[in-house]
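Below is one structure, written out as structure tokens; the observations come after it.
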Amino acid sequence: MTPDEESAEPVEIVTGRDPTGAVIWLHGLGADGHDFEPIVPELGLPRTLALRFVFPHAPYRAVTLNNGYVMRAWYDMEITDSGFNQKATHIQESVEIVGELIEREIARGIPVGRIVLAGFSQGGAIALVAGLRHPQRLAGILALSVPVPFAATLMRDAHAENRATPIFMAHGTHDGVVPYAIGHAAHNLLKAAGANIEWHEYPMEHAVHPQEIKDIGAFLQQVLEKGSE
């Protein structure tokens with residue numbers, strides 16, 4: 001790893017001139033900011049909805065789940081007899097990174113009410129935690145195939161500004177990495193605690209389904225075409 005690799009600027013795609021909204025999209029374990037770059041033209045967004053997609057790179061960390069191998073990861077994690085053990089201090093560090101990215105978009109002229117946080121797998125976990133805890137109302141949150149951390153207490157610790165923020169939550173029914181049962185149980189806990197969740201499931205493994213991409217595009221249009229200033 002070189003310093004340039006560690007501090008690499010996020011990948012960015014702009015869908016039109018003078019974007020009026022932003023989507024900060026976090027990749028999964030071991031990937032990087034380029035991972036979801038190809039998905040943007042597949043979302044079916046109208047040309048009238050000019051957005052900036054920001055795909056940051058996670059820091060490099062030793063990951064216990066992968067025998068201590070150093071890779072891009074939003075946090076260290078392992079599997080125990082009781083399920084996923086996800087390192088809280090690393091999660092908080094990554095939540096702070098996301099907070100800085102939100103402030104960066106605001107400084108570039110994007111109203112906070114027109115910013116969506118999105119992520120896949122542990123990137124989705126960070127998007128969910130950061131979004132619910134953020135002190136300013138966001139447009140929405142996308143949590144895809146997520147091992148939800150702190151599921152039992154996440155809504156208790158949510159900021160009042162984002163307790164009702166629309167959440168798109170999706171999971172594969174054949175997921176062998178983050179089992180469907182774990183994702184659906186977390187959804188049930190969050191929903192029961194008052195989260196505003198739009199739940200989707202697809203016949204897939206730990207991946208993204210073509211129909212899911214279309215559904216994500218529809219969600220983005222819904223929350224960003226009416227997003228507050």
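We label chains A, B, ... in the order they appear in the structure tokens, count residues from 1 in each chain, and number ligands from 1 in the order shown.
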Could you give me, as a PyMOL selection string, the residues within 8 Å of range 42-53 of chain A, counting only C-alpha atoms and dropping anything in the same chain fewer than 4 positions from it? chain A and resi 12-25+38+213-214+216-218+221+225
Write a file of the just-selected residues containing N, CA and C atoms, as a PDB file, in the first residue's frame.
ATOM      1  N   GLU A  12     -16.015   9.646  -9.112  1.00  0.00           N
ATOM      2  CA  GLU A  12     -17.218  10.456  -9.262  1.00  0.00           C
ATOM      3  C   GLU A  12     -17.786  10.345 -10.672  1.00  0.00           C
ATOM      4  N   ILE A  13     -19.102  10.284 -10.765  1.00  0.00           N
ATOM      5  CA  ILE A  13     -19.822  10.310 -12.037  1.00  0.00           C
ATOM      6  C   ILE A  13     -20.936  11.342 -11.911  1.00  0.00           C
ATOM      7  N   VAL A  14     -21.022  12.233 -12.876  1.00  0.00           N
ATOM      8  CA  VAL A  14     -22.084  13.234 -12.896  1.00  0.00           C
ATOM      9  C   VAL A  14     -23.005  12.909 -14.056  1.00  0.00           C
ATOM     10  N   THR A  15     -24.304  12.843 -13.779  1.00  0.00           N
ATOM     11  CA  THR A  15     -25.269  12.438 -14.807  1.00  0.00           C
ATOM     12  C   THR A  15     -25.828  13.614 -15.602  1.00  0.00           C
ATOM     13  N   GLY A  16     -25.453  14.831 -15.245  1.00  0.00           N
ATOM     14  CA  GLY A  16     -25.925  16.006 -15.967  1.00  0.00           C
ATOM     15  C   GLY A  16     -25.217  17.239 -15.468  1.00  0.00           C
ATOM     16  N   ARG A  17     -25.337  18.325 -16.209  1.00  0.00           N
ATOM     17  CA  ARG A  17     -24.688  19.567 -15.810  1.00  0.00           C
ATOM     18  C   ARG A  17     -25.318  20.115 -14.531  1.00  0.00           C
ATOM     19  N   ASP A  18     -24.483  20.717 -13.703  1.00  0.00           N
ATOM     20  CA  ASP A  18     -24.947  21.374 -12.477  1.00  0.00           C
ATOM     21  C   ASP A  18     -25.830  20.449 -11.638  1.00  0.00           C
ATOM     22  N   PRO A  19     -25.252  19.365 -11.113  1.00  0.00           N
ATOM     23  CA  PRO A  19     -26.055  18.407 -10.337  1.00  0.00           C
ATOM     24  C   PRO A  19     -26.763  19.063  -9.163  1.00  0.00           C
ATOM     25  N   THR A  20     -27.986  18.604  -8.935  1.00  0.00           N
ATOM     26  CA  THR A  20     -28.806  19.143  -7.848  1.00  0.00           C
ATOM     27  C   THR A  20     -28.988  18.141  -6.709  1.00  0.00           C
ATOM     28  N   GLY A  21     -28.371  16.980  -6.827  1.00  0.00           N
ATOM     29  CA  GLY A  21     -28.447  15.959  -5.794  1.00  0.00           C
ATOM     30  C   GLY A  21     -27.199  15.096  -5.835  1.00  0.00           C
ATOM     31  N   ALA A  22     -26.968  14.341  -4.777  1.00  0.00           N
ATOM     32  CA  ALA A  22     -25.781  13.493  -4.701  1.00  0.00           C
ATOM     33  C   ALA A  22     -26.128  12.150  -4.078  1.00  0.00           C
ATOM     34  N   VAL A  23     -25.442  11.113  -4.554  1.00  0.00           N
ATOM     35  CA  VAL A  23     -25.549   9.776  -3.991  1.00  0.00           C
ATOM     36  C   VAL A  23     -24.150   9.349  -3.586  1.00  0.00           C
ATOM     37  N   ILE A  24     -23.938   9.158  -2.301  1.00  0.00           N
ATOM     38  CA  ILE A  24     -22.651   8.689  -1.779  1.00  0.00           C
ATOM     39  C   ILE A  24     -22.776   7.185  -1.581  1.00  0.00           C
ATOM     40  N   TRP A  25     -22.040   6.416  -2.378  1.00  0.00           N
ATOM     41  CA  TRP A  25     -22.253   4.961  -2.488  1.00  0.00           C
ATOM     42  C   TRP A  25     -20.999   4.225  -2.024  1.00  0.00           C
ATOM     43  N   PRO A  38     -20.098   1.070 -12.757  1.00  0.00           N
ATOM     44  CA  PRO A  38     -20.859   0.708 -13.967  1.00  0.00           C
ATOM     45  C   PRO A  38     -22.374   0.705 -13.783  1.00  0.00           C
ATOM     46  N   ILE A 213     -31.600  -3.228  -9.651  1.00  0.00           N
ATOM     47  CA  ILE A 213     -31.051  -1.998 -10.220  1.00  0.00           C
ATOM     48  C   ILE A 213     -32.182  -1.080 -10.676  1.00  0.00           C
ATOM     49  N   LYS A 214     -33.184  -1.637 -11.331  1.00  0.00           N
ATOM     50  CA  LYS A 214     -34.339  -0.843 -11.756  1.00  0.00           C
ATOM     51  C   LYS A 214     -35.080  -0.269 -10.555  1.00  0.00           C
ATOM     52  N   ILE A 216     -33.841   0.370  -7.599  1.00  0.00           N
ATOM     53  CA  ILE A 216     -33.011   1.418  -6.999  1.00  0.00           C
ATOM     54  C   ILE A 216     -33.188   2.724  -7.762  1.00  0.00           C
ATOM     55  N   GLY A 217     -33.189   2.623  -9.101  1.00  0.00           N
ATOM     56  CA  GLY A 217     -33.397   3.820  -9.905  1.00  0.00           C
ATOM     57  C   GLY A 217     -34.720   4.492  -9.598  1.00  0.00           C
ATOM     58  N   ALA A 218     -35.769   3.684  -9.440  1.00  0.00           N
ATOM     59  CA  ALA A 218     -37.089   4.237  -9.115  1.00  0.00           C
ATOM     60  C   ALA A 218     -37.081   4.900  -7.744  1.00  0.00           C
ATOM     61  N   GLN A 221     -35.302   8.283  -7.933  1.00  0.00           N
ATOM     62  CA  GLN A 221     -36.177   9.285  -8.528  1.00  0.00           C
ATOM     63  C   GLN A 221     -37.213   9.757  -7.514  1.00  0.00           C
ATOM     64  N   GLU A 225     -36.459  13.572  -6.582  1.00  0.00           N
ATOM     65  CA  GLU A 225     -37.294  14.503  -7.325  1.00  0.00           C
ATOM     66  C   GLU A 225     -38.155  15.349  -6.398  1.00  0.00           C
TER      67      GLU A 225
END
Residues within 8 Å of His90 in chain A, only C-alpha atoms, excluding chain neighbours under 4 positions, as a PyMOL selection string: chain A and resi 74-76+94
Could you write out the selected residues, including C-alpha atoms, as an mmCIF file, in the first residue's frame?
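Generated output (again_35.cif):
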data_model
loop_
_atom_site.group_PDB
_atom_site.id
_atom_site.type_symbol
_atom_site.label_atom_id
_atom_site.label_comp_id
_atom_site.auth_asym_id
_atom_site.auth_seq_id
_atom_site.Cartn_x
_atom_site.Cartn_y
_atom_site.Cartn_z
ATOM 1 C CA TRP A 74 -14.968 -0.102 6.260
ATOM 2 C CA TYR A 75 -14.409 -2.117 9.434
ATOM 3 C CA ASP A 76 -12.937 -5.360 10.726
ATOM 4 C CA SER A 94 -16.199 5.077 8.807
#
Do a neighbour search on Ser121 in chain A at 9 Å with only C-alpha atoms, toss out local chain neighbours closer than 6 positions, and write the hits as a PyMOL selection string. chain A and resi 26-29+143-148+178+206
Output of the above residues as an mmCIF file, in the first residue's frame, restricted to N, CA and C atoms:
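Once written, result-v3.cif looks like this:
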data_model
loop_
_atom_site.group_PDB
_atom_site.id
_atom_site.type_symbol
_atom_site.label_atom_id
_atom_site.label_comp_id
_atom_site.auth_asym_id
_atom_site.auth_seq_id
_atom_site.Cartn_x
_atom_site.Cartn_y
_atom_site.Cartn_z
ATOM 1 N N LEU A 26 -21.140 3.407 -0.986
ATOM 2 C CA LEU A 26 -20.012 2.704 -0.371
ATOM 3 C C LEU A 26 -19.957 1.250 -0.832
ATOM 4 N N HIS A 27 -18.787 0.828 -1.245
ATOM 5 C CA HIS A 27 -18.580 -0.532 -1.745
ATOM 6 C C HIS A 27 -18.506 -1.550 -0.609
ATOM 7 N N GLY A 28 -18.461 -2.811 -0.990
ATOM 8 C CA GLY A 28 -18.371 -3.889 -0.020
ATOM 9 C C GLY A 28 -16.939 -4.261 0.323
ATOM 10 N N LEU A 29 -16.794 -5.226 1.191
ATOM 11 C CA LEU A 29 -15.496 -5.673 1.689
ATOM 12 C C LEU A 29 -14.587 -6.127 0.553
ATOM 13 N N ALA A 143 -29.580 0.333 1.559
ATOM 14 C CA ALA A 143 -28.820 -0.678 2.291
ATOM 15 C C ALA A 143 -29.008 -2.018 1.591
ATOM 16 N N LEU A 144 -27.992 -2.463 0.861
ATOM 17 C CA LEU A 144 -28.104 -3.630 -0.006
ATOM 18 C C LEU A 144 -27.315 -4.812 0.548
ATOM 19 N N SER A 145 -28.006 -5.915 0.813
ATOM 20 C CA SER A 145 -27.361 -7.162 1.293
ATOM 21 C C SER A 145 -26.486 -6.895 2.509
ATOM 22 N N VAL A 146 -27.085 -6.312 3.530
ATOM 23 C CA VAL A 146 -26.335 -5.744 4.651
ATOM 24 C C VAL A 146 -26.333 -6.636 5.890
ATOM 25 N N PRO A 147 -25.148 -6.831 6.504
ATOM 26 C CA PRO A 147 -25.089 -7.410 7.842
ATOM 27 C C PRO A 147 -25.307 -6.280 8.851
ATOM 28 N N VAL A 148 -26.551 -5.971 9.153
ATOM 29 C CA VAL A 148 -26.878 -4.764 9.926
ATOM 30 C C VAL A 148 -26.226 -4.807 11.311
ATOM 31 N N VAL A 178 -23.980 -13.138 3.591
ATOM 32 C CA VAL A 178 -24.821 -12.559 4.650
ATOM 33 C C VAL A 178 -26.186 -13.212 4.491
ATOM 34 N N HIS A 206 -25.006 -13.201 -2.976
ATOM 35 C CA HIS A 206 -24.487 -11.935 -2.440
ATOM 36 C C HIS A 206 -24.069 -11.071 -3.627
#
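Compared by their closest atoms to Glu100 in chain A, and using only C-alpha atoms, the residues A:Ala151, A:Gly83, A:Ala62, A:His134 rank with A:His134 nearest.
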List every residue of chain A that DSSP, applied to the backbone, labels as strand (DSSP E), and write the result as a VMD selection string. chain A and resid 11 to 14 21 to 26 51 to 55 60 to 63 69 to 72 77 to 80 83 to 86 115 to 120 140 to 144 167 to 172 197 to 202
Mind writing the picked residues with N, CA and C atoms as a compact mmCIF listing (two decimals), in the first residue's frame?
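The resulting result-v1.txt:
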# COMPACT_ATOMS: atom_id res chain seq x y z
N VAL A 11 -14.18 8.05 -6.58
CA VAL A 11 -14.60 8.03 -7.98
C VAL A 11 -15.88 8.85 -8.07
N GLU A 12 -16.01 9.65 -9.11
CA GLU A 12 -17.22 10.46 -9.26
C GLU A 12 -17.79 10.35 -10.67
N ILE A 13 -19.10 10.28 -10.76
CA ILE A 13 -19.82 10.31 -12.04
C ILE A 13 -20.94 11.34 -11.91
N VAL A 14 -21.02 12.23 -12.88
CA VAL A 14 -22.08 13.23 -12.90
C VAL A 14 -23.01 12.91 -14.06
N GLY A 21 -28.37 16.98 -6.83
CA GLY A 21 -28.45 15.96 -5.79
C GLY A 21 -27.20 15.10 -5.84
N ALA A 22 -26.97 14.34 -4.78
CA ALA A 22 -25.78 13.49 -4.70
C ALA A 22 -26.13 12.15 -4.08
N VAL A 23 -25.44 11.11 -4.55
CA VAL A 23 -25.55 9.78 -3.99
C VAL A 23 -24.15 9.35 -3.59
N ILE A 24 -23.94 9.16 -2.30
CA ILE A 24 -22.65 8.69 -1.78
C ILE A 24 -22.78 7.18 -1.58
N TRP A 25 -22.04 6.42 -2.38
CA TRP A 25 -22.25 4.96 -2.49
C TRP A 25 -21.00 4.22 -2.02
N LEU A 26 -21.14 3.41 -0.99
CA LEU A 26 -20.01 2.70 -0.37
C LEU A 26 -19.96 1.25 -0.83
N LEU A 51 -27.45 14.25 -11.17
CA LEU A 51 -26.90 13.82 -9.88
C LEU A 51 -25.39 13.65 -9.95
N ARG A 52 -24.76 13.79 -8.79
CA ARG A 52 -23.35 13.43 -8.66
C ARG A 52 -23.27 12.14 -7.83
N PHE A 53 -22.73 11.09 -8.43
CA PHE A 53 -22.48 9.85 -7.71
C PHE A 53 -21.05 9.88 -7.19
N VAL A 54 -20.91 9.64 -5.90
CA VAL A 54 -19.60 9.66 -5.25
C VAL A 54 -19.33 8.26 -4.70
N PHE A 55 -18.26 7.64 -5.18
CA PHE A 55 -17.91 6.28 -4.78
C PHE A 55 -16.56 6.31 -4.05
N TYR A 60 -7.57 0.79 4.10
CA TYR A 60 -7.03 -0.55 4.18
C TYR A 60 -6.98 -1.00 5.63
N ARG A 61 -7.44 -2.24 5.89
CA ARG A 61 -7.43 -2.80 7.24
C ARG A 61 -7.14 -4.29 7.17
N ALA A 62 -6.61 -4.80 8.26
CA ALA A 62 -6.53 -6.26 8.41
C ALA A 62 -7.91 -6.76 8.78
N VAL A 63 -8.39 -7.79 8.06
CA VAL A 63 -9.75 -8.28 8.27
C VAL A 63 -9.71 -9.69 8.84
N TYR A 69 -5.93 -10.77 6.41
CA TYR A 69 -5.44 -10.19 5.16
C TYR A 69 -5.83 -8.71 5.10
N VAL A 70 -4.89 -7.87 4.65
CA VAL A 70 -5.14 -6.44 4.56
C VAL A 70 -5.83 -6.12 3.24
N MET A 71 -6.96 -5.45 3.34
CA MET A 71 -7.74 -5.09 2.16
C MET A 71 -8.56 -3.85 2.47
N ARG A 72 -9.20 -3.30 1.46
CA ARG A 72 -10.08 -2.17 1.73
C ARG A 72 -11.31 -2.68 2.49
N MET A 77 -14.22 -7.40 10.74
CA MET A 77 -15.35 -8.24 11.13
C MET A 77 -14.92 -9.70 11.15
N GLU A 78 -15.68 -10.49 11.88
CA GLU A 78 -15.46 -11.93 11.93
C GLU A 78 -16.79 -12.63 12.18
N ILE A 79 -16.80 -13.93 11.95
CA ILE A 79 -18.00 -14.73 12.22
C ILE A 79 -17.75 -15.55 13.46
N THR A 80 -18.66 -15.45 14.42
CA THR A 80 -18.57 -16.23 15.64
C THR A 80 -19.80 -17.14 15.74
N GLY A 83 -22.91 -15.20 15.45
CA GLY A 83 -23.15 -14.41 14.25
C GLY A 83 -21.97 -13.50 13.92
N PHE A 84 -22.24 -12.39 13.25
CA PHE A 84 -21.19 -11.46 12.85
C PHE A 84 -20.74 -10.61 14.04
N ASN A 85 -19.43 -10.49 14.18
CA ASN A 85 -18.84 -9.57 15.15
C ASN A 85 -18.22 -8.44 14.33
N GLN A 86 -18.81 -7.24 14.42
CA GLN A 86 -18.40 -6.11 13.59
C GLN A 86 -17.82 -5.03 14.50
N ILE A 115 -29.31 14.55 -0.56
CA ILE A 115 -28.19 13.60 -0.51
C ILE A 115 -28.71 12.24 -0.06
N VAL A 116 -28.33 11.21 -0.80
CA VAL A 116 -28.66 9.82 -0.46
C VAL A 116 -27.38 9.09 -0.08
N LEU A 117 -27.44 8.31 0.98
CA LEU A 117 -26.34 7.41 1.33
C LEU A 117 -26.71 6.02 0.87
N ALA A 118 -25.76 5.34 0.21
CA ALA A 118 -26.01 4.00 -0.31
C ALA A 118 -24.81 3.12 -0.04
N GLY A 119 -25.04 1.82 -0.01
CA GLY A 119 -23.92 0.92 0.15
C GLY A 119 -24.33 -0.53 0.02
N PHE A 120 -23.33 -1.35 -0.32
CA PHE A 120 -23.52 -2.78 -0.48
C PHE A 120 -22.75 -3.51 0.62
N GLY A 140 -32.52 9.99 1.57
CA GLY A 140 -32.81 8.56 1.64
C GLY A 140 -31.56 7.76 1.94
N ILE A 141 -31.77 6.47 2.18
CA ILE A 141 -30.69 5.52 2.48
C ILE A 141 -30.94 4.25 1.69
N LEU A 142 -29.87 3.72 1.06
CA LEU A 142 -29.92 2.44 0.37
C LEU A 142 -29.03 1.45 1.11
N ALA A 143 -29.58 0.33 1.56
CA ALA A 143 -28.82 -0.68 2.29
C ALA A 143 -29.01 -2.02 1.59
N LEU A 144 -27.99 -2.46 0.86
CA LEU A 144 -28.10 -3.63 -0.01
C LEU A 144 -27.31 -4.81 0.55
N ILE A 167 -35.87 4.40 3.60
CA ILE A 167 -34.78 3.43 3.48
C ILE A 167 -35.17 2.36 2.46
N PHE A 168 -34.33 2.14 1.48
CA PHE A 168 -34.48 1.04 0.54
C PHE A 168 -33.56 -0.08 1.04
N MET A 169 -34.15 -1.19 1.45
CA MET A 169 -33.37 -2.31 2.00
C MET A 169 -33.64 -3.54 1.16
N ALA A 170 -32.59 -4.21 0.70
CA ALA A 170 -32.75 -5.35 -0.20
C ALA A 170 -31.81 -6.48 0.19
N HIS A 171 -32.23 -7.71 -0.15
CA HIS A 171 -31.40 -8.87 0.18
C HIS A 171 -31.70 -10.01 -0.79
N GLY A 172 -30.69 -10.83 -1.02
CA GLY A 172 -30.85 -12.00 -1.87
C GLY A 172 -31.34 -13.20 -1.07
N ILE A 197 -38.97 1.73 6.09
CA ILE A 197 -38.25 0.82 5.19
C ILE A 197 -39.12 0.34 4.05
N GLU A 198 -38.54 0.37 2.85
CA GLU A 198 -39.10 -0.26 1.66
C GLU A 198 -38.28 -1.53 1.43
N TRP A 199 -38.85 -2.67 1.74
CA TRP A 199 -38.12 -3.95 1.70
C TRP A 199 -38.25 -4.62 0.34
N HIS A 200 -37.12 -5.14 -0.18
CA HIS A 200 -37.10 -5.89 -1.44
C HIS A 200 -36.26 -7.14 -1.25
N GLU A 201 -36.69 -8.23 -1.87
CA GLU A 201 -35.87 -9.44 -1.90
C GLU A 201 -35.83 -9.98 -3.32
N TYR A 202 -34.73 -10.60 -3.67
CA TYR A 202 -34.50 -11.05 -5.04
C TYR A 202 -33.88 -12.45 -5.04
Show me, as an MDAnalysis selection string, the residues that have an atom within 7 Å of Glu205 in chain A when counting only C-alpha atoms, minus same-chain residues fewer than 4 positions from it. chainID A and resid 172:176
What would the file look like if the residues just selected were written as an mmCIF file, in the first residue's frame with N, CA and C atoms?
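Final output, saved to part_13.cif:
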data_model
loop_
_atom_site.group_PDB
_atom_site.id
_atom_site.type_symbol
_atom_site.label_atom_id
_atom_site.label_comp_id
_atom_site.auth_asym_id
_atom_site.auth_seq_id
_atom_site.Cartn_x
_atom_site.Cartn_y
_atom_site.Cartn_z
ATOM 1 N N GLY A 172 -30.692 -10.828 -1.024
ATOM 2 C CA GLY A 172 -30.853 -11.999 -1.870
ATOM 3 C C GLY A 172 -31.340 -13.196 -1.069
ATOM 4 N N THR A 173 -32.316 -13.891 -1.608
ATOM 5 C CA THR A 173 -32.862 -15.051 -0.888
ATOM 6 C C THR A 173 -31.897 -16.218 -0.857
ATOM 7 N N HIS A 174 -30.846 -16.200 -1.698
ATOM 8 C CA HIS A 174 -29.857 -17.284 -1.732
ATOM 9 C C HIS A 174 -28.493 -16.815 -1.235
ATOM 10 N N ASP A 175 -28.468 -15.717 -0.507
ATOM 11 C CA ASP A 175 -27.194 -15.146 -0.052
ATOM 12 C C ASP A 175 -26.503 -16.092 0.931
ATOM 13 N N GLY A 176 -25.300 -16.525 0.577
ATOM 14 C CA GLY A 176 -24.536 -17.400 1.456
ATOM 15 C C GLY A 176 -23.464 -16.673 2.233
#
